[in-house]
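Undergrad: If it helps, the file is called final.csv and holds CSV, C-alpha atoms:
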chain,number,residue,atom,x,y,z
A,1,MET,CA,55.1,89.7,30.2
A,2,THR,CA,57.6,92.5,30.9
A,3,GLU,CA,58.9,94.8,28.3
A,4,PRO,CA,62.6,94.3,27.6
A,5,GLY,CA,64.6,96.8,29.6
A,6,PRO,CA,67.5,98.8,28.2
A,7,ALA,CA,70.3,96.7,26.8
A,8,LEU,CA,72.4,95.3,29.6
A,9,ASP,CA,76.1,96.1,29.6
A,10,ILE,CA,77.2,92.8,30.9
A,11,ALA,CA,80.9,93.9,31.2
A,12,THR,CA,79.8,96.1,34.2
A,13,PHE,CA,78.5,93.2,36.2
A,14,ARG,CA,81.1,92.0,38.7
A,15,PRO,CA,81.7,88.2,39.0
A,16,GLU,CA,81.2,87.2,42.6
A,17,THR,CA,81.0,83.4,42.5
A,18,VAL,CA,82.7,81.2,40.0
A,19,TYR,CA,82.5,77.4,40.1
A,20,THR,CA,84.2,74.9,37.9
A,21,ILE,CA,83.5,71.2,37.5
A,22,TYR,CA,84.8,68.5,35.1
A,23,ILE,CA,82.2,66.2,33.7
A,24,ALA,CA,82.7,63.0,31.6
A,25,ALA,CA,80.2,63.9,28.8
A,26,THR,CA,80.1,65.8,25.5
A,27,PRO,CA,79.6,69.6,25.4
A,28,GLU,CA,76.3,69.0,23.6
A,29,LYS,CA,75.0,66.8,26.4
A,30,VAL,CA,76.0,69.3,29.1
A,31,TRP,CA,74.4,72.1,27.1
A,32,GLN,CA,71.2,70.1,26.9
A,33,ALA,CA,71.2,69.3,30.6
A,34,LEU,CA,71.6,73.0,31.4
A,35,THR,CA,68.8,74.1,29.2
A,36,SER,CA,66.0,71.5,29.5
A,37,ALA,CA,63.4,70.7,32.2
A,38,GLU,CA,63.7,67.0,31.6
A,39,PHE,CA,67.3,67.1,33.0
A,40,SER,CA,67.0,70.1,35.4
A,41,ARG,CA,64.1,68.5,37.4
A,42,GLN,CA,66.5,65.7,38.3
A,43,TYR,CA,69.6,67.7,39.4
A,44,PHE,CA,68.2,71.1,40.3
A,45,PHE,CA,66.0,70.5,43.4
A,46,GLY,CA,63.0,69.5,41.1
A,47,PHE,CA,63.1,72.9,39.3
A,48,ALA,CA,62.1,73.0,35.6
A,49,ILE,CA,64.2,75.1,33.2
A,50,GLU,CA,62.4,76.4,30.1
A,51,ALA,CA,64.7,78.2,27.7
A,52,ASP,CA,64.0,79.9,24.4
A,53,LEU,CA,67.5,79.5,23.1
A,54,ARG,CA,68.1,82.7,21.1
A,55,THR,CA,69.4,86.1,22.1
A,56,GLY,CA,66.5,87.9,23.8
A,57,GLY,CA,64.6,84.6,24.4
A,58,ALA,CA,63.0,83.8,27.7
A,59,PHE,CA,64.8,81.8,30.3
A,60,ILE,CA,62.3,80.6,33.0
A,61,VAL,CA,63.0,78.5,36.1
A,62,ARG,CA,59.8,77.0,37.6
A,63,THR,CA,59.5,75.5,41.1
A,64,PRO,CA,58.3,72.0,41.4
A,65,ASP,CA,54.7,73.4,41.9
A,66,GLY,CA,55.0,75.3,38.6
A,67,ALA,CA,55.5,78.8,39.9
A,68,GLU,CA,57.8,81.1,38.0
A,69,HIS,CA,60.8,81.3,40.3
A,70,ILE,CA,63.2,83.0,37.9
A,71,SER,CA,62.1,85.0,34.9
A,72,GLY,CA,65.2,85.6,32.9
A,73,GLU,CA,66.3,86.5,29.4
A,74,VAL,CA,69.0,84.9,27.2
A,75,ILE,CA,71.8,87.5,26.7
A,76,VAL,CA,74.4,85.4,25.0
A,77,CYS,CA,73.7,82.1,23.3
A,78,GLU,CA,76.5,80.2,21.6
A,79,PRO,CA,75.6,76.5,21.7
A,80,PRO,CA,77.2,74.3,23.0
A,81,HIS,CA,79.9,76.6,24.5
A,82,ARG,CA,78.5,79.7,26.1
A,83,LEU,CA,75.2,80.8,27.6
A,84,THR,CA,74.6,84.0,29.6
A,85,ILE,CA,71.2,84.6,31.1
A,86,THR,CA,69.7,87.1,33.5
A,87,TRP,CA,68.9,85.2,36.8
A,88,ASP,CA,66.5,87.4,38.7
A,89,VAL,CA,64.6,85.7,41.5
A,90,ASN,CA,61.0,86.6,41.5
A,91,TRP,CA,60.7,87.5,45.2
A,92,PRO,CA,58.9,90.8,45.6
A,93,GLY,CA,61.3,93.7,45.7
A,94,LEU,CA,64.4,91.6,45.2
A,95,VAL,CA,65.6,93.0,41.9
A,96,GLU,CA,64.9,96.5,43.1
A,97,ALA,CA,66.9,96.0,46.3
A,98,LEU,CA,69.8,93.9,45.0
A,99,GLY,CA,70.1,94.8,41.3
A,100,ARG,CA,70.2,92.3,38.5
A,101,THR,CA,72.0,88.9,38.4
A,102,LEU,CA,73.8,87.3,35.5
A,103,VAL,CA,74.6,83.6,35.2
A,104,THR,CA,77.1,82.4,32.6
A,105,TYR,CA,77.9,78.9,31.7
A,106,GLU,CA,81.1,78.1,29.8
A,107,ILE,CA,81.5,74.7,28.4
A,108,GLU,CA,85.0,73.7,27.1
A,109,GLN,CA,86.4,70.4,25.9
A,110,ALA,CA,89.1,69.2,28.3
A,111,GLY,CA,90.6,66.0,27.0
A,112,ALA,CA,87.9,63.3,27.1
A,113,ALA,CA,85.8,65.4,29.6
A,114,VAL,CA,84.1,68.8,29.6
A,115,ARG,CA,85.1,71.7,31.8
A,116,LEU,CA,81.9,73.5,32.9
A,117,THR,CA,82.4,77.0,34.6
A,118,MET,CA,79.4,78.8,36.2
A,119,THR,CA,79.9,82.5,36.9
A,120,GLU,CA,77.4,84.4,38.9
A,121,ALA,CA,77.8,88.2,38.4
A,122,HIS,CA,76.0,91.1,39.9
A,123,GLU,CA,75.1,94.6,38.9
A,124,ARG,CA,75.7,95.9,42.5
A,125,PRO,CA,78.1,94.9,45.3
A,126,LEU,CA,76.4,92.4,47.6
A,127,SER,CA,77.2,91.1,51.0
A,128,ASP,CA,78.4,87.6,51.6
A,129,ASP,CA,75.1,87.0,53.5
A,130,ILE,CA,73.2,87.7,50.3
A,131,LEU,CA,75.6,85.7,48.2
A,132,SER,CA,75.5,82.7,50.5
A,133,GLY,CA,72.4,81.4,48.8
A,134,GLY,CA,74.1,80.8,45.4
A,135,ARG,CA,77.3,79.8,47.1
A,136,GLN,CA,75.5,77.0,49.0
A,137,GLY,CA,73.3,75.9,46.1
A,138,TRP,CA,75.6,75.8,43.1
A,139,PRO,CA,78.2,73.2,44.3
A,140,ALA,CA,75.3,70.8,45.0
A,141,ILE,CA,73.5,71.6,41.7
A,142,LEU,CA,76.7,71.1,39.7
A,143,SER,CA,77.8,68.0,41.5
A,144,SER,CA,74.3,66.5,41.0
A,145,LEU,CA,74.4,67.4,37.3
A,146,LYS,CA,77.8,65.7,37.0
A,147,SER,CA,76.5,62.6,38.7
A,148,LEU,CA,73.4,62.5,36.5
A,149,LEU,CA,75.3,62.8,33.3
A,150,GLU,CA,78.0,60.3,34.3
A,151,THR,CA,76.0,57.6,36.1
A,152,GLY,CA,72.4,58.3,35.1
A,153,LYS,CA,71.5,59.1,38.7
A,154,PRO,CA,71.5,62.6,40.4
A,155,LEU,CA,72.6,63.2,44.0
A,156,ALA,CA,69.7,63.3,46.4
A,157,VAL,CA,70.7,66.6,48.1
A,158,GLN,CA,68.2,68.2,50.4
A,159,MET,CA,68.7,71.9,51.0
A,160,ALA,CA,66.9,74.9,52.4
A,161,PRO,CA,68.0,78.5,51.7
A,162,PRO,CA,70.6,79.6,54.2
A,163,GLU,CA,69.3,81.4,57.3
A,164,ARG,CA,71.8,84.2,57.0
A,165,MET,CA,70.6,85.0,53.5
A,166,LEU,CA,66.9,85.0,54.5
A,167,ALA,CA,67.7,87.2,57.5
A,168,ALA,CA,69.7,89.6,55.3
A,169,LEU,CA,66.9,89.8,52.7
A,170,LYS,CA,64.3,90.3,55.5
A,171,ALA,CA,66.4,93.2,56.8
A,172,MET,CA,66.1,94.7,53.4
A,173,GLY,CA,62.4,94.3,53.3
A,174,ILE,CA,62.4,91.3,51.0
A,175,GLY,CA,60.3,88.4,52.1
A,176,LEU,CA,59.6,85.0,50.7
A,177,SER,CA,56.4,85.1,48.7
B,1,MET,CA,91.1,63.6,43.9
B,2,ASP,CA,94.8,63.0,44.7
B,3,ALA,CA,95.5,66.5,43.3
B,4,VAL,CA,93.0,68.0,45.7
B,5,PHE,CA,94.6,66.5,48.8
B,6,LYS,CA,98.1,67.2,47.5
B,7,ALA,CA,97.2,70.8,46.9
B,8,LEU,CA,95.6,71.1,50.4
B,9,SER,CA,98.6,69.5,52.1
B,10,ASP,CA,100.5,72.8,52.0
B,11,ALA,CA,99.9,75.6,54.6
B,12,SER,CA,100.8,78.4,52.2
B,13,ARG,CA,98.2,77.1,49.7
B,14,ARG,CA,95.6,76.8,52.5
B,15,ALA,CA,96.4,80.4,53.4
B,16,LEU,CA,95.7,81.5,49.9
B,17,LEU,CA,92.4,79.7,49.9
B,18,ASP,CA,91.6,81.4,53.3
B,19,ARG,CA,92.2,84.7,51.6
B,20,LEU,CA,89.9,83.9,48.8
B,21,HIS,CA,87.3,82.6,51.3
B,22,ALA,CA,87.5,86.0,53.1
B,23,ARG,CA,87.2,87.9,49.8
B,24,ASN,CA,86.5,86.1,46.6
B,25,GLY,CA,87.6,87.3,43.1
B,26,GLN,CA,91.1,88.8,43.8
B,27,THR,CA,93.9,89.7,41.4
B,28,LEU,CA,97.3,88.2,41.8
B,29,THR,CA,98.5,91.6,43.2
B,30,GLU,CA,95.7,91.7,45.7
B,31,LEU,CA,96.5,88.1,46.8
B,32,CYS,CA,100.2,88.9,47.3
B,33,ASP,CA,99.5,92.0,49.3
B,34,GLY,CA,100.6,91.5,52.9
B,35,LEU,CA,101.8,88.0,52.4
B,36,ALA,CA,105.3,86.9,53.3
B,37,MET,CA,105.7,85.1,50.0
B,38,THR,CA,107.2,86.2,46.7
B,39,ARG,CA,105.0,86.9,43.8
B,40,GLN,CA,106.7,83.9,42.0
B,41,ALA,CA,105.9,81.6,45.0
B,42,VAL,CA,102.2,82.8,45.0
B,43,THR,CA,102.0,82.2,41.2
B,44,LYS,CA,103.4,78.7,41.7
B,45,HIS,CA,101.0,77.8,44.5
B,46,LEU,CA,98.0,79.2,42.5
B,47,ALA,CA,98.9,77.1,39.6
B,48,ILE,CA,98.8,74.0,41.8
B,49,LEU,CA,95.5,75.1,43.3
B,50,GLU,CA,94.1,75.7,39.8
B,51,ALA,CA,95.3,72.3,38.5
B,52,ALA,CA,93.5,70.7,41.5
B,53,ASN,CA,90.4,72.8,40.5
B,54,LEU,CA,90.3,74.4,43.9
B,55,VAL,CA,90.8,77.8,42.3
B,56,THR,CA,89.2,79.1,39.1
B,57,THR,CA,90.3,82.2,37.2
B,58,ILE,CA,88.3,84.3,34.9
B,59,ARG,CA,89.1,87.4,32.9
B,60,HIS,CA,87.1,90.4,33.9
B,61,GLY,CA,87.9,93.4,31.7
B,62,ARG,CA,91.7,93.7,31.9
B,63,GLU,CA,91.9,91.8,35.2
B,64,LYS,CA,92.5,88.2,35.9
B,65,LEU,CA,90.4,87.3,39.0
B,66,HIS,CA,90.9,84.3,41.2
B,67,PHE,CA,88.0,82.5,42.8
B,68,LEU,CA,87.8,79.8,45.4
B,69,ASN,CA,86.1,76.8,43.8
B,70,PRO,CA,84.6,74.6,46.5
B,71,VAL,CA,83.2,72.0,44.1
B,72,PRO,CA,85.9,69.3,44.6
B,73,ILE,CA,85.6,69.7,48.4
B,74,HIS,CA,81.8,69.4,48.1
B,75,GLN,CA,82.4,66.1,46.2
B,76,ILE,CA,84.6,64.8,49.0
B,77,GLY,CA,81.8,65.7,51.4
B,78,GLU,CA,79.3,63.8,49.3
B,79,ARG,CA,81.6,60.8,49.2
B,80,TRP,CA,82.4,60.5,52.9
B,81,ILE,CA,80.3,62.8,55.0
B,82,ARG,CA,76.7,62.8,53.6
B,83,LYS,CA,75.6,59.5,55.2
B,84,PHE,CA,76.8,60.7,58.6
B,85,GLU,CA,74.1,63.3,58.7
B,86,ARG,CA,75.4,66.6,57.7
B,87,ALA,CA,73.0,68.5,59.9
B,88,LYS,CA,74.5,67.1,63.1
B,89,LEU,CA,78.0,67.8,61.8
B,90,VAL,CA,77.0,71.4,61.1
B,91,ALA,CA,75.6,71.7,64.6
B,92,LEU,CA,78.7,70.3,66.1
B,93,GLY,CA,80.9,72.7,64.0
B,94,GLU,CA,78.8,75.7,65.1
B,95,LEU,CA,79.1,74.6,68.7
B,96,LYS,CA,82.9,74.3,68.4
B,97,LYS,CA,83.1,77.7,66.7
B,98,ARG,CA,80.9,79.4,69.3
B,99,LEU,CA,82.8,77.9,72.2
B,100,GLU,CA,86.1,78.8,70.7
B,101,GLU,CA,85.0,82.4,69.9
B,102,GLY,CA,84.1,82.7,73.5
B,103,ASP,CA,87.7,82.1,74.4
B,104,ASP,CA,89.0,85.1,72.4
Give the structure from the file, written as structure tokens.
TA:
Amino acid sequence: MTEPGPALDIATFRPETVYTIYIAATPEKVWQALTSAEFSRQYFFGFAIEADLRTGGAFIVRTPDGAEHISGEVIVCEPPHRLTITWDVNWPGLVEALGRTLVTYEIEQAGAAVRLTMTEAHERPLSDDILSGGRQGWPAILSSLKSLLETGKPLAVQMAPPERMLAALKAMGIGLS
Amino acid sequence: MDAVFKALSDASRRALLDRLHARNGQTLTELCDGLAMTRQAVTKHLAILEAANLVTTIRHGREKLHFLNPVPIHQIGERWIRKFERAKLVALGELKKRLEEGDD
């Protein structure tokens, strides 16, 4: 367990990647899919999300083998419309080198569908090489989530982290554990 | 999906997407800078791109920032490209890029 750090001033984080998708589902269903392992294992490369849904609660993402890939914290929790969490990947030295990451989901009713917007914001300016990981992954994750909620079946997307991101991290002394 | 293809059918709108691809999260003023288009024309094109969900805007402090949203293009890819082995297409795309860069 880590001690909670000083309160984050989320307004100082710069949004770097913003993706929007329309899903034929209710806001409640989309919220549930974004916050539960039962759903996330299906659309998020087998990763399990464990969220203690209150401000200051833990937000954990586990790899399929159970390792804690992301150890985050719930910053804003307004079900079923807005969730902001810290999204710090547990690779050794990563947070120290890159600063912290925030992910925000906004869920709005749009006619009979839901408009889901994911914003990835960063504490420090980062290169496109570093940002390429999220930029590659999120469209696949969100498309698969949409497919799962609309048809009951996720998309079978296979994906490895982009080479340019791994090379950029390696150059900063951050290696895959 | 009609809206996506209609939005992409215009060279000025593709140029705006190129600018966001080069640098994501720009204000309207930044996007207009150096373009041979009036601010009104850029606003109109951005509205069409936003309606097609190719551009997303968010408020950041006092600024309205524009972001390239590749999700609809990803969905087009999933529909028509995936079964034709993306890895090979990526390799061919890289080869084309490298060969063409060699010509510069």
Undergrad: With all atoms listed in the file considered, list every residue of chain B at most 7 Å from chain A, as a list in words.
TA: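 So the contacting residues turn out to be Asn24, Gly25, Thr56, Phe67, Asn69, Pro70, Val71, His74 and Gln75 of chain B.
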Undergrad: From the list B:Gly61, B:Pro72, B:Gly77, B:Gly34, which residue is nearest B:Ala3 when using all atoms listed in the file?
TA: B:Pro72
Undergrad: To one decimal in Å, tell me the separation between atom CA of A:Gln42 and atom CA of A:Gly56.
TA: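 According to the coordinates, atom CA of A:Gln42 and atom CA of A:Gly56 are separated by 26.5 Å.
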Undergrad: Neighbourhood query: residues within 12 Å of (90.9, 72.9, 44.7), file coordinates, counting only C-alpha atoms; return as a ChimeraX atom specification.
TA: /A:19-21 /B:1-9,13-14,16-17,20,45-57,66-76
Undergrad: Can you tell me how far atom CA of A:Phe44 sits from atom CA of A:Val30, in Å to one decimal?
TA: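 Separation of atom CA of A:Phe44 and atom CA of A:Val30: 13.8 Å.
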Undergrad: Which distance in Å separates atom CA of A:Ile70 and atom CA of A:Trp87, to one decimal?
TA: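 Between atom CA of A:Ile70 and atom CA of A:Trp87 the gap works out to 6.2 Å.
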Undergrad: With all atoms listed in the file as the atoms that count, which of A:Ile141, A:Leu131, A:Ala113, A:Ala97 lies nearest to A:Met172?
TA: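 Closest residue, counting all atoms listed in the file: A:Ala97.
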Undergrad: When distances are computed from only C-alpha atoms, which of A:Leu126, A:Gly66, A:Gly175, A:Ala25 shows the smallest separation from A:Pro92?
TA: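 With only C-alpha atoms as the atom set, the closest residue is A:Gly175.
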Undergrad: Find the residues near A:Val76: any atom within 8 Å, counting all atoms listed in the file, skip ones fewer than 6 places away on the same chain, and give them as a VMD selection string.
TA: chain A and resid 54 to 55 82 to 85
Undergrad: Which one of B:Arg59, B:Ala22, B:Ser12, B:Glu94 sits closest to B:Ala36 if you count all atoms listed in the file?
TA: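 Closest to B:Ala36, using all atoms listed in the file: B:Ser12.
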Undergrad: Using all atoms listed in the file, which of the listed residues (B:Thr38, B:Thr43, B:Leu65, B:His60) sits closest to B:Arg23?
TA: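 Residue with the minimum atom-to-atom distance to B:Arg23: B:Leu65.
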Undergrad: From the list B:Ala41, B:Leu31, B:Leu99, B:Leu89, which residue is nearest B:Asp18 when using all atoms listed in the file?
TA: B:Leu31
Undergrad: Output requested as a tab-separated table (two decimals), in the coordinates of the input - stretch 144-155 of chain A, filled out with all heavy atoms.
TA:
chain	number	residue	atom	x	y	z
A	144	SER	N	75.43	67.38	41.33
A	144	SER	CA	74.30	66.50	41.00
A	144	SER	C	74.19	66.35	39.47
A	144	SER	O	73.92	65.27	38.95
A	144	SER	CB	73.02	67.06	41.59
A	144	SER	OG	71.97	66.14	41.44
A	145	LEU	N	74.41	67.47	38.75
A	145	LEU	CA	74.40	67.40	37.30
A	145	LEU	C	75.48	66.47	36.77
A	145	LEU	O	75.24	65.64	35.88
A	145	LEU	CB	74.66	68.85	36.74
A	145	LEU	CG	75.01	69.00	35.27
A	145	LEU	CD1	73.82	68.63	34.40
A	145	LEU	CD2	75.43	70.44	34.96
A	146	LYS	N	76.67	66.57	37.36
A	146	LYS	CA	77.80	65.70	37.00
A	146	LYS	C	77.39	64.21	37.20
A	146	LYS	O	77.57	63.36	36.34
A	146	LYS	CB	79.02	66.03	37.79
A	146	LYS	CG	80.20	65.09	37.62
A	146	LYS	CD	81.32	65.46	38.59
A	146	LYS	CE	82.40	64.41	38.66
A	146	LYS	NZ	83.30	64.41	37.50
A	147	SER	N	76.84	63.97	38.38
A	147	SER	CA	76.50	62.60	38.70
A	147	SER	C	75.41	62.07	37.76
A	147	SER	O	75.48	60.93	37.30
A	147	SER	CB	75.94	62.62	40.16
A	147	SER	OG	75.72	61.32	40.62
A	148	LEU	N	74.43	62.92	37.44
A	148	LEU	CA	73.40	62.50	36.50
A	148	LEU	C	73.93	62.16	35.15
A	148	LEU	O	73.58	61.11	34.57
A	148	LEU	CB	72.33	63.66	36.39
A	148	LEU	CG	71.19	63.43	35.40
A	148	LEU	CD1	70.31	62.27	35.84
A	148	LEU	CD2	70.35	64.69	35.24
A	149	LEU	N	74.81	62.99	34.61
A	149	LEU	CA	75.30	62.80	33.30
A	149	LEU	C	76.29	61.57	33.23
A	149	LEU	O	76.39	60.87	32.24
A	149	LEU	CB	76.02	64.02	32.73
A	149	LEU	CG	75.08	65.19	32.40
A	149	LEU	CD1	75.86	66.37	31.86
A	149	LEU	CD2	73.99	64.77	31.41
A	150	GLU	N	77.02	61.34	34.33
A	150	GLU	CA	78.00	60.30	34.30
A	150	GLU	C	77.46	58.92	34.72
A	150	GLU	O	77.93	57.89	34.26
A	150	GLU	CB	79.20	60.65	35.25
A	150	GLU	CG	79.99	61.83	34.70
A	150	GLU	CD	81.20	62.19	35.56
A	150	GLU	OE1	81.34	61.63	36.67
A	150	GLU	OE2	82.00	63.03	35.10
A	151	THR	N	76.46	58.94	35.61
A	151	THR	CA	76.00	57.60	36.10
A	151	THR	C	74.49	57.43	35.84
A	151	THR	O	73.96	56.34	36.10
A	151	THR	CB	76.15	57.56	37.66
A	151	THR	OG1	75.22	58.49	38.27
A	151	THR	CG2	77.56	57.93	38.09
A	152	GLY	N	73.80	58.46	35.34
A	152	GLY	CA	72.40	58.30	35.10
A	152	GLY	C	71.55	58.63	36.37
A	152	GLY	O	70.33	58.64	36.33
A	153	LYS	N	72.25	58.87	37.50
A	153	LYS	CA	71.50	59.10	38.70
A	153	LYS	C	72.00	60.46	39.36
A	153	LYS	O	73.20	60.65	39.55
A	153	LYS	CB	71.79	58.03	39.77
A	153	LYS	CG	70.99	56.79	39.53
A	153	LYS	CD	71.18	55.82	40.70
A	153	LYS	CE	70.79	54.41	40.31
A	153	LYS	NZ	71.49	53.40	41.10
A	154	PRO	N	71.07	61.36	39.68
A	154	PRO	CA	71.50	62.60	40.40
A	154	PRO	C	71.81	62.31	41.82
A	154	PRO	O	71.56	61.21	42.31
A	154	PRO	CB	70.25	63.49	40.24
A	154	PRO	CG	69.10	62.52	40.16
A	154	PRO	CD	69.63	61.27	39.50
A	155	LEU	N	72.37	63.30	42.51
A	155	LEU	CA	72.60	63.20	44.00
A	155	LEU	C	71.29	63.65	44.64
A	155	LEU	O	70.68	64.61	44.22
A	155	LEU	CB	73.72	64.08	44.41
A	155	LEU	CG	75.10	63.81	43.81
A	155	LEU	CD1	76.06	64.91	44.23
A	155	LEU	CD2	75.61	62.47	44.26
